[in-house]
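Have a look at structure-v6.pdb below; it lists PDB, C-alpha atoms, pLDDT in the B column.
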```pdb
ATOM      1  CA  MET Z   1     100.606 104.982  85.214  1.00 46.00           C
ATOM      2  CA  ASN Z   2      97.810 107.004  83.630  1.00 43.00           C
ATOM      3  CA  SER Z   3      96.613 110.239  85.192  1.00 43.00           C
ATOM      4  CA  THR Z   4      93.445 108.634  86.567  1.00 53.00           C
ATOM      5  CA  GLY Z   5      95.543 105.973  88.286  1.00 71.00           C
ATOM      6  CA  ALA Z   6      97.943 108.594  89.636  1.00 77.00           C
ATOM      7  CA  ASP Z   7      95.052 110.751  90.897  1.00 84.00           C
ATOM      8  CA  GLY Z   8      93.474 107.755  92.621  1.00 91.00           C
ATOM      9  CA  ALA Z   9      96.820 106.789  94.129  1.00 93.00           C
ATOM     10  CA  VAL Z  10      97.372 110.330  95.409  1.00 93.00           C
ATOM     11  CA  ASP Z  11      93.865 110.409  96.927  1.00 94.00           C
ATOM     12  CA  TRP Z  12      94.484 107.058  98.623  1.00 95.00           C
ATOM     13  CA  LEU Z  13      97.883 108.080  99.963  1.00 95.00           C
ATOM     14  CA  VAL Z  14      96.915 111.529 101.289  1.00 95.00           C
ATOM     15  CA  SER Z  15      93.820 110.087 102.981  1.00 95.00           C
ATOM     16  CA  VAL Z  16      96.059 109.148 105.936  1.00 96.00           C
ATOM     17  CA  ALA Z  17      97.471 112.658 106.377  1.00 95.00           C
ATOM     18  CA  PRO Z  18      96.184 114.740 109.301  1.00 94.00           C
ATOM     19  CA  ASP Z  19      95.102 117.362 106.715  1.00 95.00           C
ATOM     20  CA  PRO Z  20      94.788 115.649 103.300  1.00 95.00           C
ATOM     21  CA  GLY Z  21      94.232 118.905 101.392  1.00 94.00           C
ATOM     22  CA  ALA Z  22      97.287 120.591 102.883  1.00 93.00           C
ATOM     23  CA  CYS Z  23      99.326 117.439 102.290  1.00 93.00           C
ATOM     24  CA  ARG Z  24      98.298 117.342  98.629  1.00 92.00           C
ATOM     25  CA  ARG Z  25      99.184 121.036  98.153  1.00 92.00           C
ATOM     26  CA  GLU Z  26     102.551 120.586  99.862  1.00 90.00           C
ATOM     27  CA  TRP Z  27     103.274 117.500  97.772  1.00 89.00           C
ATOM     28  CA  GLU Z  28     102.409 119.196  94.498  1.00 85.00           C
ATOM     29  CA  ARG Z  29     104.634 122.191  95.332  1.00 87.00           C
ATOM     30  CA  SER Z  30     107.532 120.256  96.827  1.00 83.00           C
ATOM     31  CA  PRO Z  31     110.651 120.476  94.649  1.00 83.00           C
ATOM     32  CA  LEU Z  32     111.650 117.035  95.968  1.00 84.00           C
ATOM     33  CA  GLY Z  33     108.247 115.509  95.195  1.00 87.00           C
ATOM     34  CA  VAL Z  34     108.000 113.758  98.565  1.00 90.00           C
ATOM     35  CA  VAL Z  35     105.977 114.072 101.766  1.00 92.00           C
ATOM     36  CA  LEU Z  36     105.977 112.355 105.137  1.00 93.00           C
ATOM     37  CA  LEU Z  37     102.919 110.197 105.707  1.00 96.00           C
ATOM     38  CA  PRO Z  38     101.943 108.279 108.838  1.00 97.00           C
ATOM     39  CA  ALA Z  39     101.998 104.495 108.671  1.00 97.00           C
ATOM     40  CA  GLY Z  40      99.612 102.323 110.628  1.00 96.00           C
ATOM     41  CA  SER Z  41      96.129 103.369 109.561  1.00 95.00           C
ATOM     42  CA  ARG Z  42      95.721 102.192 105.951  1.00 95.00           C
ATOM     43  CA  TRP Z  43      99.049 100.410 105.643  1.00 97.00           C
ATOM     44  CA  ASP Z  44     102.241  99.421 107.373  1.00 98.00           C
ATOM     45  CA  VAL Z  45     105.570  99.197 105.557  1.00 98.00           C
ATOM     46  CA  LEU Z  46     108.076  96.353 105.820  1.00 97.00           C
ATOM     47  CA  ILE Z  47     111.556  97.581 104.891  1.00 96.00           C
ATOM     48  CA  LEU Z  48     114.034  95.042 103.531  1.00 96.00           C
ATOM     49  CA  PRO Z  49     117.738  95.659 103.001  1.00 94.00           C
ATOM     50  CA  GLY Z  50     119.404  95.983  99.569  1.00 88.00           C
ATOM     51  CA  GLU Z  51     119.613  92.888  97.442  1.00 91.00           C
ATOM     52  CA  LEU Z  52     117.149  90.963  99.615  1.00 94.00           C
ATOM     53  CA  GLY Z  53     114.413  93.530  98.967  1.00 95.00           C
ATOM     54  CA  VAL Z  54     115.014  93.662  95.220  1.00 95.00           C
ATOM     55  CA  LEU Z  55     115.075  89.866  94.905  1.00 96.00           C
ATOM     56  CA  THR Z  56     111.972  89.528  97.084  1.00 96.00           C
ATOM     57  CA  LEU Z  57     110.099  91.828  94.698  1.00 97.00           C
ATOM     58  CA  GLU Z  58     111.327  89.772  91.723  1.00 96.00           C
ATOM     59  CA  VAL Z  59     110.094  86.543  93.339  1.00 97.00           C
ATOM     60  CA  LEU Z  60     106.779  88.109  94.337  1.00 97.00           C
ATOM     61  CA  SER Z  61     106.284  89.477  90.816  1.00 96.00           C
ATOM     62  CA  ARG Z  62     106.690  85.984  89.375  1.00 95.00           C
ATOM     63  CA  ARG Z  63     104.045  84.619  91.761  1.00 93.00           C
ATOM     64  CA  ILE Z  64     101.269  87.179  91.332  1.00 94.00           C
ATOM     65  CA  ASP Z  65     100.045  89.466  88.561  1.00 91.00           C
ATOM     66  CA  ARG Z  66     100.739  92.726  90.352  1.00 92.00           C
ATOM     67  CA  PRO Z  67     102.222  93.211  93.803  1.00 96.00           C
ATOM     68  CA  GLY Z  68     100.965  95.972  96.051  1.00 97.00           C
ATOM     69  CA  PRO Z  69     102.900  99.222  96.424  1.00 97.00           C
ATOM     70  CA  VAL Z  70     106.670  98.987  96.814  1.00 97.00           C
ATOM     71  CA  LEU Z  71     109.137 101.825  97.426  1.00 96.00           C
ATOM     72  CA  ALA Z  72     112.907 101.915  97.017  1.00 94.00           C
ATOM     73  CA  ASP Z  73     115.380 104.487  98.198  1.00 91.00           C
ATOM     74  CA  PHE Z  74     118.185 105.889  96.083  1.00 82.00           C
ATOM     75  CA  GLY Z  75     120.443 103.029  95.053  1.00 83.00           C
ATOM     76  CA  GLU Z  76     117.890 100.480  96.250  1.00 82.00           C
ATOM     77  CA  GLU Z  77     119.651 100.142  99.599  1.00 91.00           C
ATOM     78  CA  ARG Z  78     116.209  99.616 101.153  1.00 94.00           C
ATOM     79  CA  THR Z  79     112.923  98.425  99.695  1.00 96.00           C
ATOM     80  CA  GLY Z  80     109.578  99.101 101.417  1.00 97.00           C
ATOM     81  CA  PHE Z  81     106.579  96.831 100.892  1.00 98.00           C
ATOM     82  CA  PHE Z  82     103.167  98.268 101.809  1.00 98.00           C
ATOM     83  CA  VAL Z  83     101.251  95.667 103.839  1.00 98.00           C
ATOM     84  CA  PRO Z  84      98.001  95.694 105.847  1.00 98.00           C
ATOM     85  CA  PRO Z  85      97.945  97.762 109.039  1.00 97.00           C
ATOM     86  CA  GLY Z  86      98.938  95.771 112.100  1.00 96.00           C
ATOM     87  CA  THR Z  87     101.511  93.703 110.205  1.00 96.00           C
ATOM     88  CA  ALA Z  88     104.431  95.737 111.601  1.00 94.00           C
ATOM     89  CA  CYS Z  89     103.685  94.866 115.220  1.00 92.00           C
ATOM     90  CA  ARG Z  90     103.488  91.127 114.416  1.00 91.00           C
ATOM     91  CA  TRP Z  91     106.443  90.849 112.038  1.00 90.00           C
ATOM     92  CA  ALA Z  92     109.649  89.268 113.290  1.00 83.00           C
ATOM     93  CA  GLY Z  93     112.535  88.934 110.886  1.00 79.00           C
ATOM     94  CA  THR Z  94     116.243  89.548 111.094  1.00 79.00           C
ATOM     95  CA  GLY Z  95     117.232  92.658 109.186  1.00 84.00           C
ATOM     96  CA  VAL Z  96     113.625  93.610 108.360  1.00 92.00           C
ATOM     97  CA  ARG Z  97     112.441  96.935 109.742  1.00 94.00           C
ATOM     98  CA  ALA Z  98     108.749  97.567 110.216  1.00 95.00           C
ATOM     99  CA  ALA Z  99     106.952 100.920 110.089  1.00 96.00           C
ATOM    100  CA  GLY Z 100     103.530 100.835 111.724  1.00 96.00           C
ATOM    101  CA  ARG Z 101     101.399 103.025 113.955  1.00 96.00           C
ATOM    102  CA  GLY Z 102     103.398 105.928 115.338  1.00 96.00           C
ATOM    103  CA  THR Z 103     105.927 106.018 112.491  1.00 96.00           C
ATOM    104  CA  TRP Z 104     106.143 108.205 109.404  1.00 96.00           C
ATOM    105  CA  ILE Z 105     107.562 107.332 106.007  1.00 95.00           C
ATOM    106  CA  VAL Z 106     108.865 109.374 103.084  1.00 93.00           C
ATOM    107  CA  VAL Z 107     106.517 108.889 100.130  1.00 94.00           C
ATOM    108  CA  PRO Z 108     107.114 110.136  96.572  1.00 93.00           C
ATOM    109  CA  TYR Z 109     104.335 111.534  94.415  1.00 91.00           C
ATOM    110  CA  PRO Z 110     103.060 108.669  92.186  1.00 90.00           C
ATOM    111  CA  GLY Z 111     104.049 109.024  88.555  1.00 83.00           C
ATOM    112  CA  ARG Z 112     106.723 111.688  89.140  1.00 81.00           C
ATOM    113  CA  ALA Z 113     110.464 111.252  89.168  1.00 74.00           C
ATOM    114  CA  THR Z 114     112.231 112.201  92.385  1.00 79.00           C
ATOM    115  CA  GLY Z 115     115.890 112.339  93.285  1.00 72.00           C
ATOM    116  CA  GLY Z 116     115.641 109.889  96.157  1.00 84.00           C
ATOM    117  CA  VAL Z 117     112.881 107.507  97.062  1.00 91.00           C
ATOM    118  CA  ARG Z 118     110.827 106.139  94.160  1.00 92.00           C
ATOM    119  CA  TRP Z 119     108.036 103.706  93.425  1.00 94.00           C
ATOM    120  CA  LEU Z 120     109.043 100.290  92.106  1.00 94.00           C
ATOM    121  CA  VAL Z 121     105.343  99.373  92.142  1.00 95.00           C
ATOM    122  CA  PRO Z 122     103.171 102.470  92.527  1.00 95.00           C
ATOM    123  CA  PRO Z 123      99.847 102.277  94.363  1.00 96.00           C
ATOM    124  CA  ASP Z 124      96.881 101.780  92.049  1.00 92.00           C
ATOM    125  CA  GLY Z 125      94.486 103.867  94.130  1.00 91.00           C
ATOM    126  CA  SER Z 126      92.285 100.915  95.047  1.00 92.00           C
ATOM    127  CA  GLY Z 127      93.988 100.163  98.353  1.00 93.00           C
ATOM    128  CA  THR Z 128      95.653  96.962  97.138  1.00 95.00           C
ATOM    129  CA  LEU Z 129      98.452  95.943  99.511  1.00 98.00           C
ATOM    130  CA  ASN Z 130     101.027  93.169  99.603  1.00 98.00           C
ATOM    131  CA  ASP Z 131      99.799  90.002 101.272  1.00 97.00           C
ATOM    132  CA  PRO Z 132     102.125  89.387 104.257  1.00 96.00           C
ATOM    133  CA  VAL Z 133     101.995  85.593 103.818  1.00 95.00           C
ATOM    134  CA  LEU Z 134     102.964  85.778 100.137  1.00 96.00           C
ATOM    135  CA  LEU Z 135     105.577  88.383 100.972  1.00 96.00           C
ATOM    136  CA  GLU Z 136     107.094  86.131 103.633  1.00 95.00           C
ATOM    137  CA  LEU Z 137     107.250  83.197 101.201  1.00 95.00           C
ATOM    138  CA  ALA Z 138     108.907  85.398  98.573  1.00 96.00           C
ATOM    139  CA  LEU Z 139     111.326  86.700 101.216  1.00 95.00           C
ATOM    140  CA  HIS Z 140     112.347  83.144 102.172  1.00 94.00           C
ATOM    141  CA  GLU Z 141     112.859  82.193  98.528  1.00 95.00           C
ATOM    142  CA  ALA Z 142     114.947  85.314  97.886  1.00 95.00           C
ATOM    143  CA  ALA Z 143     117.061  84.664 101.000  1.00 92.00           C
ATOM    144  CA  ALA Z 144     117.627  81.062  99.886  1.00 93.00           C
ATOM    145  CA  ASP Z 145     118.710  82.283  96.436  1.00 90.00           C
ATOM    146  CA  ILE Z 146     121.214  84.662  98.022  1.00 89.00           C
ATOM    147  CA  ALA Z 147     122.544  81.912 100.318  1.00 89.00           C
ATOM    148  CA  ARG Z 148     122.970  79.511  97.369  1.00 86.00           C
ATOM    149  CA  ARG Z 149     124.952  82.118  95.434  1.00 83.00           C
ATOM    150  CA  GLU Z 150     127.200  82.786  98.414  1.00 80.00           C
ATOM    151  CA  VAL Z 151     128.014  79.064  98.732  1.00 76.00           C
ATOM    152  CA  ARG Z 152     129.140  78.795  95.099  1.00 66.00           C
TER
END
```

Give the structure from the file, written as structure tokens.
Amino acid sequence: MNSTGADGAVDWLVSVAPDPGACRREWERSPLGVVLLPAGSRWDVLILPGELGVLTLEVLSRRIDRPGPVLADFGEERTGFFVPPGTACRWAGTGVRAAGRGTWIVVPYPGRATGGVRWLVPPDGSGTLNDPVLLELALHEAAADIARREVR
């Protein structure tokens, strides 16, 4: 990601903070390179477990040029897909956690390495999000792939 893209991504992300300037300063000084940001205003986050999340991103990446922002925790035990606000309260799926209004998520600084959570697909600063319909289709395909492998 170039510096302009990272700057735009940072601006977009901190815009949801109660005090964007203070959030940016905290983020830039944080030795961990992460902050807590509220979900539910510009995005919600759908959190998929382990292999299912990684495979869903692979399927989604084959279907579209560039998915919206996607986070992974250390070891890729969980993968978080940024989706439009309001998606969390309508999403029903076994094993899928949803972070929407009233929840906070750990977000790494775009373009910087951190020891824990990291961007698999960083935000581009334009507000592009993952389409929930395409994400659901990719999720079903990934789950079917996992089920087929388990049968063999």

Report, in Å with one decimal, the straight-line distance from atom CA of Val34 of chain Z to atom CA of Val83 of chain Z.
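A separation of 20.0 Å between them.
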
Since I can't run it myself right now, could you work out what the PyMOL selection byres ((chain Z and resi 7) around 12) selects here and report it as a PyMOL selection string?
chain Z and resi 1-6+8-14+24+28+109-112+122-126

Distance query Arg101 of chain Z at most 9 Å, only C-alpha atoms, self and fewer than 4 positions along chain excluded, as a CSV table (one decimal) with C-alpha atoms, keeping the file's coordinate frame:
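Everything below was put into part.csv:
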```csv
chain,number,residue,atom,x,y,z
Z,38,PRO,CA,101.9,108.3,108.8
Z,39,ALA,CA,102.0,104.5,108.7
Z,40,GLY,CA,99.6,102.3,110.6
Z,41,SER,CA,96.1,103.4,109.6
Z,44,ASP,CA,102.2,99.4,107.4
Z,85,PRO,CA,97.9,97.8,109.0
Z,86,GLY,CA,98.9,95.8,112.1
Z,88,ALA,CA,104.4,95.7,111.6
Z,89,CYS,CA,103.7,94.9,115.2
```

For Arg78 of chain Z, please output as a ChimeraX atom specification all residues within 7 Å (counting all atoms listed in the file; exclusion window: fewer than 3 positions along the same chain).
/Z:47-50,53,72-73

Report the residues retrieved by the PyMOL selection byres ((chain Z and resi 141-144) around 9) from the displayed file, expressed as a PyMOL selection string.
chain Z and resi 51-59+136-140+145-149

Applying the PyMOL selection byres ((chain Z and resi 70) around 6) to the file I just gave you, which residues come out? Please list them as a list in words.
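Output from the PyMOL selection byres ((chain Z and resi 70) around 6), applied to this file: Pro69, Leu71, Gly80, Phe81, Trp119, Leu120 and Val121 of chain Z.
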
Would you compute the distance between atom CA of Ala99 of chain Z and atom CA of Ser61 of chain Z? Give it in Å to one decimal.
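Between atom CA of Ala99 of chain Z and atom CA of Ser61 of chain Z the gap is 22.4 Å.
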
Å distance separating atom CA of Gly75 of chain Z from atom CA of Gly116 of chain Z, one decimal place
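Going from atom CA of Gly75 of chain Z over to atom CA of Gly116 of chain Z, I get 8.4 Å.
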
Point out the residue among Z:Arg25, Z:Arg63, Z:Arg90, Z:Arg42 with the least atom-to-atom distance to Leu135 of chain Z, counting only C-alpha atoms.
Z:Arg63

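The nearest approach to Val16 of chain Z among the residues Z:Ala113, Z:Leu32, Z:Val96, Z:Ile105, with only C-alpha atoms taken into account, belongs to Z:Ile105.
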